[in-house]
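Shown next: upload11.pdb, given as PDB, C-alpha atoms and all ligand atoms.
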ATOM      1  CA  MET A   1      67.727  50.992 -40.813  1.00  0.00           C
ATOM      2  CA  GLU A   2      66.100  49.348 -37.805  1.00  0.00           C
ATOM      3  CA  ILE A   3      63.828  51.137 -35.332  1.00  0.00           C
ATOM      4  CA  VAL A   4      64.158  50.247 -31.645  1.00  0.00           C
ATOM      5  CA  LEU A   5      61.640  51.363 -29.042  1.00  0.00           C
ATOM      6  CA  ALA A   6      63.514  51.870 -25.771  1.00  0.00           C
ATOM      7  CA  SER A   7      60.420  51.247 -23.661  1.00  0.00           C
ATOM      8  CA  GLY A   8      58.730  48.509 -21.708  1.00  0.00           C
ATOM      9  CA  SER A   9      55.368  50.262 -21.975  1.00  0.00           C
ATOM     10  CA  PRO A  10      52.857  48.113 -23.890  1.00  0.00           C
ATOM     11  CA  ARG A  11      50.901  51.320 -24.702  1.00  0.00           C
ATOM     12  CA  ARG A  12      53.865  52.857 -26.497  1.00  0.00           C
ATOM     13  CA  SER A  13      54.367  49.650 -28.514  1.00  0.00           C
ATOM     14  CA  GLU A  14      50.706  49.573 -29.426  1.00  0.00           C
ATOM     15  CA  ILE A  15      50.658  53.181 -30.667  1.00  0.00           C
ATOM     16  CA  LEU A  16      53.700  52.516 -32.857  1.00  0.00           C
ATOM     17  CA  SER A  17      52.233  49.237 -34.154  1.00  0.00           C
ATOM     18  CA  ASN A  18      48.971  51.016 -35.052  1.00  0.00           C
ATOM     19  CA  ILE A  19      50.673  52.898 -37.847  1.00  0.00           C
ATOM     20  CA  GLY A  20      52.444  49.879 -39.306  1.00  0.00           C
ATOM     21  CA  VAL A  21      55.955  50.654 -38.111  1.00  0.00           C
ATOM     22  CA  ASN A  22      58.335  47.687 -37.930  1.00  0.00           C
ATOM     23  CA  PHE A  23      60.361  47.911 -34.749  1.00  0.00           C
ATOM     24  CA  SER A  24      61.870  45.906 -31.954  1.00  0.00           C
ATOM     25  CA  VAL A  25      61.562  46.613 -28.239  1.00  0.00           C
ATOM     26  CA  MET A  26      64.494  47.038 -25.858  1.00  0.00           C
ATOM     27  CA  PRO A  27      63.311  48.472 -22.526  1.00  0.00           C
ATOM     28  CA  SER A  28      65.889  50.681 -20.851  1.00  0.00           C
ATOM     29  CA  ASP A  29      67.005  49.784 -17.378  1.00  0.00           C
ATOM     30  CA  VAL A  30      68.022  53.286 -16.424  1.00  0.00           C
ATOM     31  CA  GLU A  31      67.015  54.735 -13.072  1.00  0.00           C
ATOM     32  CA  GLU A  32      64.357  57.413 -13.544  1.00  0.00           C
ATOM     33  CA  VAL A  33      66.102  60.212 -11.692  1.00  0.00           C
ATOM     34  CA  THR A  34      66.759  63.743 -12.870  1.00  0.00           C
ATOM     35  CA  ASP A  35      67.962  67.041 -11.448  1.00  0.00           C
ATOM     36  CA  GLU A  36      65.433  68.938 -13.555  1.00  0.00           C
ATOM     37  CA  LYS A  37      62.475  70.642 -11.872  1.00  0.00           C
ATOM     38  CA  GLU A  38      60.157  71.795 -14.636  1.00  0.00           C
ATOM     39  CA  PRO A  39      57.878  69.144 -16.153  1.00  0.00           C
ATOM     40  CA  GLU A  40      58.974  69.635 -19.764  1.00  0.00           C
ATOM     41  CA  LYS A  41      62.637  69.466 -18.756  1.00  0.00           C
ATOM     42  CA  ILE A  42      62.063  66.380 -16.597  1.00  0.00           C
ATOM     43  CA  VAL A  43      60.387  64.395 -19.376  1.00  0.00           C
ATOM     44  CA  MET A  44      62.936  65.500 -21.982  1.00  0.00           C
ATOM     45  CA  ASP A  45      65.844  64.546 -19.726  1.00  0.00           C
ATOM     46  CA  LEU A  46      64.380  61.146 -18.822  1.00  0.00           C
ATOM     47  CA  SER A  47      63.439  60.307 -22.416  1.00  0.00           C
ATOM     48  CA  ARG A  48      67.019  61.135 -23.376  1.00  0.00           C
ATOM     49  CA  LYS A  49      68.419  58.935 -20.630  1.00  0.00           C
ATOM     50  CA  LYS A  50      66.195  56.024 -21.676  1.00  0.00           C
ATOM     51  CA  ALA A  51      67.086  56.305 -25.378  1.00  0.00           C
ATOM     52  CA  SER A  52      70.804  56.830 -24.662  1.00  0.00           C
ATOM     53  CA  PHE A  53      70.931  53.812 -22.330  1.00  0.00           C
ATOM     54  CA  VAL A  54      69.701  51.544 -25.129  1.00  0.00           C
ATOM     55  CA  ALA A  55      71.771  53.332 -27.803  1.00  0.00           C
ATOM     56  CA  GLU A  56      74.949  52.497 -25.881  1.00  0.00           C
ATOM     57  CA  LYS A  57      74.179  48.800 -26.182  1.00  0.00           C
ATOM     58  CA  LEU A  58      73.823  48.882 -29.979  1.00  0.00           C
ATOM     59  CA  SER A  59      75.971  49.578 -33.002  1.00  0.00           C
ATOM     60  CA  GLY A  60      74.989  49.835 -36.653  1.00  0.00           C
ATOM     61  CA  ASP A  61      72.105  51.485 -38.488  1.00  0.00           C
ATOM     62  CA  PHE A  62      69.677  51.852 -35.587  1.00  0.00           C
ATOM     63  CA  LEU A  63      67.137  54.537 -34.765  1.00  0.00           C
ATOM     64  CA  ILE A  64      66.279  54.454 -31.067  1.00  0.00           C
ATOM     65  CA  ILE A  65      63.152  56.046 -29.570  1.00  0.00           C
ATOM     66  CA  GLY A  66      62.714  56.820 -25.872  1.00  0.00           C
ATOM     67  CA  ALA A  67      59.820  58.522 -24.062  1.00  0.00           C
ATOM     68  CA  ASP A  68      58.789  59.632 -20.605  1.00  0.00           C
ATOM     69  CA  THR A  69      55.405  60.840 -19.331  1.00  0.00           C
ATOM     70  CA  VAL A  70      54.433  62.851 -16.230  1.00  0.00           C
ATOM     71  CA  VAL A  71      51.292  64.578 -15.007  1.00  0.00           C
ATOM     72  CA  PHE A  72      51.503  68.173 -13.784  1.00  0.00           C
ATOM     73  CA  ALA A  73      49.042  69.967 -11.501  1.00  0.00           C
ATOM     74  CA  ASP A  74      49.408  72.954  -9.174  1.00  0.00           C
ATOM     75  CA  GLY A  75      53.152  73.099  -9.723  1.00  0.00           C
ATOM     76  CA  ILE A  76      53.493  69.478  -8.641  1.00  0.00           C
ATOM     77  CA  VAL A  77      54.893  66.757 -10.899  1.00  0.00           C
ATOM     78  CA  LEU A  78      53.098  63.431 -10.520  1.00  0.00           C
ATOM     79  CA  GLY A  79      54.779  60.220 -11.615  1.00  0.00           C
ATOM     80  CA  LYS A  80      53.592  56.687 -10.994  1.00  0.00           C
ATOM     81  CA  PRO A  81      51.873  56.019  -7.646  1.00  0.00           C
ATOM     82  CA  LYS A  82      53.710  53.878  -5.103  1.00  0.00           C
ATOM     83  CA  ASN A  83      50.539  52.334  -3.697  1.00  0.00           C
ATOM     84  CA  LYS A  84      46.770  52.721  -3.455  1.00  0.00           C
ATOM     85  CA  SER A  85      46.800  55.609  -1.003  1.00  0.00           C
ATOM     86  CA  ASP A  86      49.306  57.460  -3.182  1.00  0.00           C
ATOM     87  CA  ALA A  87      46.950  56.893  -6.143  1.00  0.00           C
ATOM     88  CA  PHE A  88      43.987  58.109  -4.085  1.00  0.00           C
ATOM     89  CA  ASN A  89      45.761  61.339  -3.181  1.00  0.00           C
ATOM     90  CA  MET A  90      46.811  61.952  -6.778  1.00  0.00           C
ATOM     91  CA  LEU A  91      43.302  61.403  -8.143  1.00  0.00           C
ATOM     92  CA  ARG A  92      41.741  63.562  -5.458  1.00  0.00           C
ATOM     93  CA  MET A  93      44.106  66.307  -6.511  1.00  0.00           C
ATOM     94  CA  LEU A  94      43.156  65.908 -10.186  1.00  0.00           C
ATOM     95  CA  THR A  95      39.361  65.847  -9.989  1.00  0.00           C
ATOM     96  CA  GLY A  96      37.119  68.723 -11.091  1.00  0.00           C
ATOM     97  CA  ARG A  97      39.880  70.612 -12.883  1.00  0.00           C
ATOM     98  CA  TRP A  98      42.370  70.818 -15.707  1.00  0.00           C
ATOM     99  CA  HIS A  99      45.894  69.402 -15.449  1.00  0.00           C
ATOM    100  CA  GLN A 100      48.682  68.865 -17.946  1.00  0.00           C
ATOM    101  CA  VAL A 101      50.287  65.703 -19.287  1.00  0.00           C
ATOM    102  CA  TYR A 102      53.835  66.050 -20.603  1.00  0.00           C
ATOM    103  CA  THR A 103      55.669  63.452 -22.652  1.00  0.00           C
ATOM    104  CA  GLY A 104      59.304  63.857 -23.619  1.00  0.00           C
ATOM    105  CA  ILE A 105      60.488  62.097 -26.737  1.00  0.00           C
ATOM    106  CA  THR A 106      64.057  61.373 -27.841  1.00  0.00           C
ATOM    107  CA  VAL A 107      65.221  59.931 -31.140  1.00  0.00           C
ATOM    108  CA  VAL A 108      68.832  58.756 -31.521  1.00  0.00           C
ATOM    109  CA  SER A 109      70.380  57.835 -34.870  1.00  0.00           C
ATOM    110  CA  LEU A 110      73.561  55.842 -34.395  1.00  0.00           C
ATOM    111  CA  LYS A 111      74.430  56.100 -38.085  1.00  0.00           C
ATOM    112  CA  GLN A 112      74.057  59.882 -38.213  1.00  0.00           C
ATOM    113  CA  ASN A 113      75.432  60.294 -34.691  1.00  0.00           C
ATOM    114  CA  LYS A 114      72.468  62.539 -33.961  1.00  0.00           C
ATOM    115  CA  ILE A 115      70.110  62.959 -31.019  1.00  0.00           C
ATOM    116  CA  VAL A 116      66.899  65.015 -30.978  1.00  0.00           C
ATOM    117  CA  THR A 117      64.713  65.615 -27.920  1.00  0.00           C
ATOM    118  CA  GLU A 118      61.354  67.394 -27.808  1.00  0.00           C
ATOM    119  CA  TYR A 119      58.183  67.304 -25.717  1.00  0.00           C
ATOM    120  CA  GLU A 120      54.438  67.484 -26.141  1.00  0.00           C
ATOM    121  CA  LYS A 121      51.820  68.801 -23.717  1.00  0.00           C
ATOM    122  CA  THR A 122      48.128  67.927 -23.482  1.00  0.00           C
ATOM    123  CA  ASP A 123      45.546  69.519 -21.168  1.00  0.00           C
ATOM    124  CA  VAL A 124      43.169  67.046 -19.530  1.00  0.00           C
ATOM    125  CA  TYR A 125      40.006  67.813 -17.547  1.00  0.00           C
ATOM    126  CA  ILE A 126      38.891  65.174 -15.044  1.00  0.00           C
ATOM    127  CA  LYS A 127      35.309  65.377 -13.753  1.00  0.00           C
ATOM    128  CA  SER A 128      34.433  66.117 -10.149  1.00  0.00           C
ATOM    129  CA  LEU A 129      34.452  62.751  -8.417  1.00  0.00           C
ATOM    130  CA  SER A 130      33.247  61.627  -5.018  1.00  0.00           C
ATOM    131  CA  ASP A 131      35.702  59.743  -2.804  1.00  0.00           C
ATOM    132  CA  GLU A 132      33.611  56.643  -3.460  1.00  0.00           C
ATOM    133  CA  MET A 133      34.073  57.009  -7.229  1.00  0.00           C
ATOM    134  CA  ILE A 134      37.822  57.470  -6.789  1.00  0.00           C
ATOM    135  CA  PHE A 135      37.898  54.397  -4.562  1.00  0.00           C
ATOM    136  CA  ASN A 136      35.949  52.357  -7.125  1.00  0.00           C
ATOM    137  CA  TYR A 137      38.267  53.522  -9.889  1.00  0.00           C
ATOM    138  CA  ILE A 138      41.320  52.492  -7.894  1.00  0.00           C
ATOM    139  CA  GLU A 139      39.776  49.066  -7.250  1.00  0.00           C
ATOM    140  CA  LYS A 140      39.888  48.450 -11.005  1.00  0.00           C
ATOM    141  CA  GLY A 141      43.672  48.334 -10.617  1.00  0.00           C
ATOM    142  CA  GLU A 142      44.663  50.231 -13.730  1.00  0.00           C
ATOM    143  CA  TYR A 143      46.304  53.040 -11.726  1.00  0.00           C
ATOM    144  CA  ILE A 144      49.383  50.820 -11.381  1.00  0.00           C
ATOM    145  CA  ASP A 145      52.305  51.997 -13.547  1.00  0.00           C
ATOM    146  CA  LYS A 146      50.422  55.079 -14.808  1.00  0.00           C
ATOM    147  CA  ALA A 147      51.681  58.618 -14.338  1.00  0.00           C
ATOM    148  CA  GLY A 148      49.036  60.523 -12.333  1.00  0.00           C
ATOM    149  CA  SER A 149      47.309  57.219 -11.396  1.00  0.00           C
ATOM    150  CA  TYR A 150      44.853  57.070 -14.293  1.00  0.00           C
ATOM    151  CA  ALA A 151      44.730  55.653 -17.799  1.00  0.00           C
ATOM    152  CA  ILE A 152      42.698  57.671 -20.304  1.00  0.00           C
ATOM    153  CA  GLN A 153      42.619  54.626 -22.588  1.00  0.00           C
ATOM    154  CA  GLY A 154      40.912  52.400 -19.988  1.00  0.00           C
ATOM    155  CA  TYR A 155      38.377  52.987 -17.195  1.00  0.00           C
ATOM    156  CA  GLY A 156      39.954  56.422 -17.063  1.00  0.00           C
ATOM    157  CA  SER A 157      37.922  57.251 -20.160  1.00  0.00           C
ATOM    158  CA  LEU A 158      34.925  57.363 -17.798  1.00  0.00           C
ATOM    159  CA  ILE A 159      36.422  60.081 -15.620  1.00  0.00           C
ATOM    160  CA  VAL A 160      38.009  62.304 -18.284  1.00  0.00           C
ATOM    161  CA  GLU A 161      35.556  64.975 -19.434  1.00  0.00           C
ATOM    162  CA  LYS A 162      37.621  66.640 -22.157  1.00  0.00           C
ATOM    163  CA  ILE A 163      41.145  67.149 -23.430  1.00  0.00           C
ATOM    164  CA  ASN A 164      42.959  69.816 -25.393  1.00  0.00           C
ATOM    165  CA  GLY A 165      45.845  68.444 -27.442  1.00  0.00           C
ATOM    166  CA  ASP A 166      47.116  65.066 -28.603  1.00  0.00           C
ATOM    167  CA  TYR A 167      45.328  62.063 -27.048  1.00  0.00           C
ATOM    168  CA  TYR A 168      48.279  59.763 -27.788  1.00  0.00           C
ATOM    169  CA  ASN A 169      50.535  62.048 -25.813  1.00  0.00           C
ATOM    170  CA  VAL A 170      48.443  61.262 -22.721  1.00  0.00           C
ATOM    171  CA  VAL A 171      48.746  57.526 -23.381  1.00  0.00           C
ATOM    172  CA  GLY A 172      52.544  57.947 -23.487  1.00  0.00           C
ATOM    173  CA  LEU A 173      53.694  58.420 -27.078  1.00  0.00           C
ATOM    174  CA  PRO A 174      53.025  61.660 -29.016  1.00  0.00           C
ATOM    175  CA  ILE A 175      52.982  59.876 -32.344  1.00  0.00           C
ATOM    176  CA  SER A 176      52.197  62.957 -34.436  1.00  0.00           C
ATOM    177  CA  LYS A 177      55.193  64.789 -32.961  1.00  0.00           C
ATOM    178  CA  LEU A 178      57.352  61.682 -33.457  1.00  0.00           C
ATOM    179  CA  HIS A 179      56.291  61.616 -37.110  1.00  0.00           C
ATOM    180  CA  ASP A 180      57.361  65.271 -37.475  1.00  0.00           C
ATOM    181  CA  ILE A 181      60.743  64.623 -35.823  1.00  0.00           C
ATOM    182  CA  LEU A 182      61.434  61.538 -37.938  1.00  0.00           C
ATOM    183  CA  SER A 183      60.698  63.271 -41.237  1.00  0.00           C
ATOM    184  CA  ARG A 184      62.269  66.649 -40.401  1.00  0.00           C
ATOM    185  CA  GLU A 185      65.399  65.443 -38.624  1.00  0.00           C
ATOM    186  CA  PHE A 186      66.023  61.890 -39.841  1.00  0.00           C
ATOM    187  CA  ASN A 187      64.491  61.720 -43.311  1.00  0.00           C
ATOM    188  CA  VAL A 188      62.256  58.849 -42.202  1.00  0.00           C
ATOM    189  CA  HIS A 189      58.716  59.155 -43.552  1.00  0.00           C
ATOM    190  CA  LEU A 190      55.845  57.282 -41.954  1.00  0.00           C
ATOM    191  CA  LEU A 191      53.378  58.621 -44.516  1.00  0.00           C
TER     192      LEU A 191
HETATM  193  C1  LIG B 201      48.289  59.765 -17.906  1.00  0.00           C
HETATM  194  C2  LIG B 201      48.498  58.395 -18.482  1.00  0.00           C
HETATM  195  C3  LIG B 201      49.715  57.729 -18.375  1.00  0.00           C
HETATM  196  N1  LIG B 201      49.895  56.485 -18.913  1.00  0.00           N
HETATM  197  C4  LIG B 201      51.172  55.762 -18.799  1.00  0.00           C
HETATM  198  C5  LIG B 201      52.133  56.025 -19.954  1.00  0.00           C
HETATM  199  C6  LIG B 201      53.451  55.535 -19.403  1.00  0.00           C
HETATM  200  O1  LIG B 201      53.608  54.151 -19.740  1.00  0.00           O
HETATM  201  C7  LIG B 201      53.281  55.676 -17.890  1.00  0.00           C
HETATM  202  C8  LIG B 201      54.276  56.642 -17.325  1.00  0.00           C
HETATM  203  O2  LIG B 201      55.481  55.981 -17.096  1.00  0.00           O
HETATM  204  P1  LIG B 201      56.835  56.227 -17.872  1.00  0.00           P
HETATM  205  O3  LIG B 201      57.916  56.251 -16.839  1.00  0.00           O
HETATM  206  O4  LIG B 201      56.726  57.388 -18.806  1.00  0.00           O
HETATM  207  O5  LIG B 201      57.015  54.937 -18.807  1.00  0.00           O
HETATM  208  P2  LIG B 201      57.045  53.392 -18.423  1.00  0.00           P
HETATM  209  O6  LIG B 201      57.831  53.163 -17.170  1.00  0.00           O
HETATM  210  O7  LIG B 201      55.629  52.861 -18.451  1.00  0.00           O
HETATM  211  O8  LIG B 201      57.796  52.738 -19.654  1.00  0.00           O
HETATM  212  P3  LIG B 201      59.335  52.957 -20.128  1.00  0.00           P
HETATM  213  O9  LIG B 201      60.048  53.808 -19.121  1.00  0.00           O
HETATM  214  O10 LIG B 201      59.918  51.584 -20.236  1.00  0.00           O
HETATM  215  O11 LIG B 201      59.224  53.609 -21.467  1.00  0.00           O
HETATM  216  O12 LIG B 201      51.931  56.135 -17.668  1.00  0.00           O
HETATM  217  C9  LIG B 201      48.842  55.850 -19.576  1.00  0.00           C
HETATM  218  O13 LIG B 201      49.013  54.724 -20.065  1.00  0.00           O
HETATM  219  N2  LIG B 201      47.643  56.492 -19.696  1.00  0.00           N
HETATM  220  C10 LIG B 201      47.409  57.737 -19.181  1.00  0.00           C
HETATM  221  O14 LIG B 201      46.284  58.268 -19.333  1.00  0.00           O
END

The structure given in the file should be rewritten as structure tokens.
Amino acid sequence: MEIVLASGSPRRSEILSNIGVNFSVMPSDVEEVTDEKEPEKIVMDLSRKKASFVAEKLSGDFLIIGADTVVFADGIVLGKPKNKSDAFNMLRMLTGRWHQVYTGITVVSLKQNKIVTEYEKTDVYIKSLSDEMIFNYIEKGEYIDKAGSYAIQGYGSLIVEKINGDYYNVVGLPISKLHDILSREFNVHLL
């Protein structure tokens, strides 16, 4: 059995590498659009689309993993910022309060003809920040390609005060949940 990570995110690869999993990477080229409105449904749908896109290109004993992450605050779903001013507005919205990070995760087994999709949620509290601090954070450039315009694993660690839930879920891959899905549903044991 071969594991394929259907993601171009270096963070997701790193989290999976950390626990000694052998896998290959095949980023999905699917457009990230969905009719869903609620954050957990959005991330589950998109993770499913990503994993299915790659699954359709393969045949044999493959296990394909797809994921999608969004930030949720005040009923608004935040994806990746389009530019600096978009990032500024997102971060301004997130400071001095709690918000939620949702990651959807899909595992497809071609051999078993089985697909399982779940999600994980983590609460994150970002400190109150002056506009100058937000500006300085944005100048570091790490907002690019990050849902909600911050990266908890980078300079973002300086602006996050506390979290409730799985840290790895915020970085983009809820590895503990993935472990549960693999053992419960696919008889694959990482421990
Ligand atoms: C909130 C947060 C998000 N992120 C990242 C995780 C995801 O890579 C990204 C959200 O974009 P996604 O669309 O979930 O993923 P992606 O486009 O990077 O990769 P792919 O679709 O190929 O799997 O934001 C962080 O790295 N740190 C954080 O603290």

With ligand LIG 201 (chain B) as the partner and 8 Å as the cut-off, tabulate the residues of chain A that qualify, each row holding the nearest pair of atoms and their distance in Å to one decimal, using only C-alpha atoms and all ligand atoms, sorted by chain and rising number, as JSON lines.
{"residue": "A:Ala6", "atom": "CA", "partner": "B:LIG201", "partner_atom": "O11", "distance": 6.3}
{"residue": "A:Ser7", "atom": "CA", "partner": "B:LIG201", "partner_atom": "O11", "distance": 3.4}
{"residue": "A:Gly8", "atom": "CA", "partner": "B:LIG201", "partner_atom": "O10", "distance": 3.6}
{"residue": "A:Ser9", "atom": "CA", "partner": "B:LIG201", "partner_atom": "O8", "distance": 4.2}
{"residue": "A:Pro10", "atom": "CA", "partner": "B:LIG201", "partner_atom": "O1", "distance": 7.4}
{"residue": "A:Arg11", "atom": "CA", "partner": "B:LIG201", "partner_atom": "O13", "distance": 6.1}
{"residue": "A:Arg12", "atom": "CA", "partner": "B:LIG201", "partner_atom": "O1", "distance": 6.9}
{"residue": "A:Pro27", "atom": "CA", "partner": "B:LIG201", "partner_atom": "O10", "distance": 5.1}
{"residue": "A:Ser28", "atom": "CA", "partner": "B:LIG201", "partner_atom": "O10", "distance": 6.1}
{"residue": "A:Asp29", "atom": "CA", "partner": "B:LIG201", "partner_atom": "O10", "distance": 7.9}
{"residue": "A:Glu32", "atom": "CA", "partner": "B:LIG201", "partner_atom": "O3", "distance": 7.3}
{"residue": "A:Val43", "atom": "CA", "partner": "B:LIG201", "partner_atom": "O4", "distance": 7.9}
{"residue": "A:Ser47", "atom": "CA", "partner": "B:LIG201", "partner_atom": "O11", "distance": 8.0}
{"residue": "A:Lys50", "atom": "CA", "partner": "B:LIG201", "partner_atom": "O9", "distance": 7.0}
{"residue": "A:Gly66", "atom": "CA", "partner": "B:LIG201", "partner_atom": "O11", "distance": 6.5}
{"residue": "A:Ala67", "atom": "CA", "partner": "B:LIG201", "partner_atom": "O11", "distance": 5.6}
{"residue": "A:Asp68", "atom": "CA", "partner": "B:LIG201", "partner_atom": "O4", "distance": 3.5}
{"residue": "A:Thr69", "atom": "CA", "partner": "B:LIG201", "partner_atom": "O4", "distance": 3.7}
{"residue": "A:Val70", "atom": "CA", "partner": "B:LIG201", "partner_atom": "C8", "distance": 6.3}
{"residue": "A:Val71", "atom": "CA", "partner": "B:LIG201", "partner_atom": "C1", "distance": 6.4}
{"residue": "A:Gly79", "atom": "CA", "partner": "B:LIG201", "partner_atom": "C8", "distance": 6.8}
{"residue": "A:Lys80", "atom": "CA", "partner": "B:LIG201", "partner_atom": "C8", "distance": 6.4}
{"residue": "A:Val101", "atom": "CA", "partner": "B:LIG201", "partner_atom": "C1", "distance": 6.4}
{"residue": "A:Thr103", "atom": "CA", "partner": "B:LIG201", "partner_atom": "O4", "distance": 7.3}
{"residue": "A:Asp145", "atom": "CA", "partner": "B:LIG201", "partner_atom": "C7", "distance": 5.8}
{"residue": "A:Lys146", "atom": "CA", "partner": "B:LIG201", "partner_atom": "O12", "distance": 3.4}
{"residue": "A:Ala147", "atom": "CA", "partner": "B:LIG201", "partner_atom": "O12", "distance": 4.2}
{"residue": "A:Gly148", "atom": "CA", "partner": "B:LIG201", "partner_atom": "C1", "distance": 5.7}
{"residue": "A:Ser149", "atom": "CA", "partner": "B:LIG201", "partner_atom": "C1", "distance": 7.1}
{"residue": "A:Tyr150", "atom": "CA", "partner": "B:LIG201", "partner_atom": "O14", "distance": 5.4}
{"residue": "A:Ala151", "atom": "CA", "partner": "B:LIG201", "partner_atom": "O14", "distance": 3.4}
{"residue": "A:Ile152", "atom": "CA", "partner": "B:LIG201", "partner_atom": "O14", "distance": 3.8}
{"residue": "A:Gln153", "atom": "CA", "partner": "B:LIG201", "partner_atom": "N2", "distance": 6.1}
{"residue": "A:Gly154", "atom": "CA", "partner": "B:LIG201", "partner_atom": "N2", "distance": 7.9}
{"residue": "A:Gly156", "atom": "CA", "partner": "B:LIG201", "partner_atom": "O14", "distance": 7.0}
{"residue": "A:Val170", "atom": "CA", "partner": "B:LIG201", "partner_atom": "O14", "distance": 5.0}
{"residue": "A:Val171", "atom": "CA", "partner": "B:LIG201", "partner_atom": "N2", "distance": 4.0}
{"residue": "A:Gly172", "atom": "CA", "partner": "B:LIG201", "partner_atom": "C5", "distance": 4.0}
{"residue": "A:Leu173", "atom": "CA", "partner": "B:LIG201", "partner_atom": "C5", "distance": 7.7}

Residue members of the PyMOL selection byres (((chain A and resi 119) around 7) and not hetatm) in the file shown, as a PyMOL selection string: chain A and resi 40+44+102-105+118+120-121

Resolved residues for the PyMOL selection byres (((chain A and resi 22) around 9) and not hetatm) as an MDAnalysis selection string: chainID A and resid 2:4 16:17 20:21 23:24

Just C-alpha atoms for this one: save the residues we selected as an mmCIF file, in the frame of the given file.
data_model
loop_
_atom_site.group_PDB
_atom_site.id
_atom_site.type_symbol
_atom_site.label_atom_id
_atom_site.label_comp_id
_atom_site.auth_asym_id
_atom_site.auth_seq_id
_atom_site.Cartn_x
_atom_site.Cartn_y
_atom_site.Cartn_z
ATOM 1 C CA GLU A 2 66.100 49.348 -37.805
ATOM 2 C CA ILE A 3 63.828 51.137 -35.332
ATOM 3 C CA VAL A 4 64.158 50.247 -31.645
ATOM 4 C CA LEU A 16 53.700 52.516 -32.857
ATOM 5 C CA SER A 17 52.233 49.237 -34.154
ATOM 6 C CA GLY A 20 52.444 49.879 -39.306
ATOM 7 C CA VAL A 21 55.955 50.654 -38.111
ATOM 8 C CA PHE A 23 60.361 47.911 -34.749
ATOM 9 C CA SER A 24 61.870 45.906 -31.954
#

Residue with smallest distance to Asp123 in chain A - pool A:Asn83, A:Asn89, A:Thr95, A:Asn164, counting all atoms listed in the file: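 Distance minimum relative to Asp123 in chain A lands on A:Asn164.
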
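Distances here use all atoms listed in the file; by that measure, the residue among A:Val116, A:Ile181, A:Val188, A:Ile175 closest to Ile15 in chain A is A:Ile175.
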
One-decimal distance in Å that lies between CA of Leu46 in chain A and CA of Trp98 in chain A: 24.2 Å

Proximity to Met133 in chain A - best of A:Ser52, A:Val107, A:Arg92, A:His99, all atoms listed in the file: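 With all atoms listed in the file as the atom set, the closest residue is A:Arg92.
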
Test item: residues at most 10 Å from Lys162 in chain A, only C-alpha atoms, excluding those fewer than 3 positions along its chain, as an mmCIF file with C-alpha atoms, in the coordinates of the input:
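around_22.cif written:
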data_model
loop_
_atom_site.group_PDB
_atom_site.id
_atom_site.type_symbol
_atom_site.label_atom_id
_atom_site.label_comp_id
_atom_site.auth_asym_id
_atom_site.auth_seq_id
_atom_site.Cartn_x
_atom_site.Cartn_y
_atom_site.Cartn_z
ATOM 1 C CA TRP A 98 42.370 70.818 -15.707
ATOM 2 C CA ASP A 123 45.546 69.519 -21.168
ATOM 3 C CA VAL A 124 43.169 67.046 -19.530
ATOM 4 C CA TYR A 125 40.006 67.813 -17.547
ATOM 5 C CA ILE A 126 38.891 65.174 -15.044
ATOM 6 C CA LYS A 127 35.309 65.377 -13.753
ATOM 7 C CA SER A 157 37.922 57.251 -20.160
ATOM 8 C CA ILE A 159 36.422 60.081 -15.620
ATOM 9 C CA GLY A 165 45.845 68.444 -27.442
#

Å distance separating CA of Ile42 in chain A from CA of Leu78 in chain A, one decimal place: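 Distance between the two atoms: 11.2 Å.
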
Distance of CA of Lys84 in chain A from CA of Ile134 in chain A, expressed in Å to one decimal place: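 Separation between CA of Ile134 in chain A and CA of Lys84 in chain A: 10.7 Å.
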
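Proximity to Arg97 in chain A was assessed for A:Ser109, A:Ser85, A:Ser128, A:Asn136 counting only C-alpha atoms; the smallest distance is recorded for A:Ser128.
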
Residues selected by the PyMOL selection byres (((chain A and resi 60) around 7) and not hetatm), written as a PDB file with C-alpha atoms, in the coordinates of the input:
ATOM      1  CA  LEU A  58      73.823  48.882 -29.979  1.00  0.00           C
ATOM      2  CA  SER A  59      75.971  49.578 -33.002  1.00  0.00           C
ATOM      3  CA  ASP A  61      72.105  51.485 -38.488  1.00  0.00           C
ATOM      4  CA  PHE A  62      69.677  51.852 -35.587  1.00  0.00           C
ATOM      5  CA  LEU A 110      73.561  55.842 -34.395  1.00  0.00           C
ATOM      6  CA  LYS A 111      74.430  56.100 -38.085  1.00  0.00           C
TER       7      LYS A 111
END

I'd like the box whose edges run along x, y and z of the file and which contains every listed atom of range 52-65 of chain A, padded by 6 Å per side; could you state its centre and edge lengths in Å, one decimal, as AutoDock Vina command-line options?
--center_x 69.6 --center_y 52.8 --center_z -30.4 --size_x 24.8 --size_y 20.0 --size_z 28.2

Within-8 Å shell of (66.8, 61.9, -32.8) in input frame, all atoms listed in the file, as a list in words: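 Output of the proximity query reads Leu63, Ile64, Ile65, Thr106, Val107, Val108, Ser109, Lys114, Ile115, Val116, Thr117, Ile181, Leu182, Glu185 and Phe186 of chain A.
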
Residue among A:Ser176, A:Thr34, A:Gln100, A:Ser13 lying closest to Ile163 in chain A, counting all atoms listed in the file: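 Nearest candidate to Ile163 in chain A out of A:Ser176, A:Thr34, A:Gln100, A:Ser13: A:Gln100.
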
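Restricting the calculation to all atoms listed in the file, the smallest distance between Asp86 in chain A and any of A:Val33, A:Ile144, A:Leu129, A:Ala51 is found for A:Ile144.
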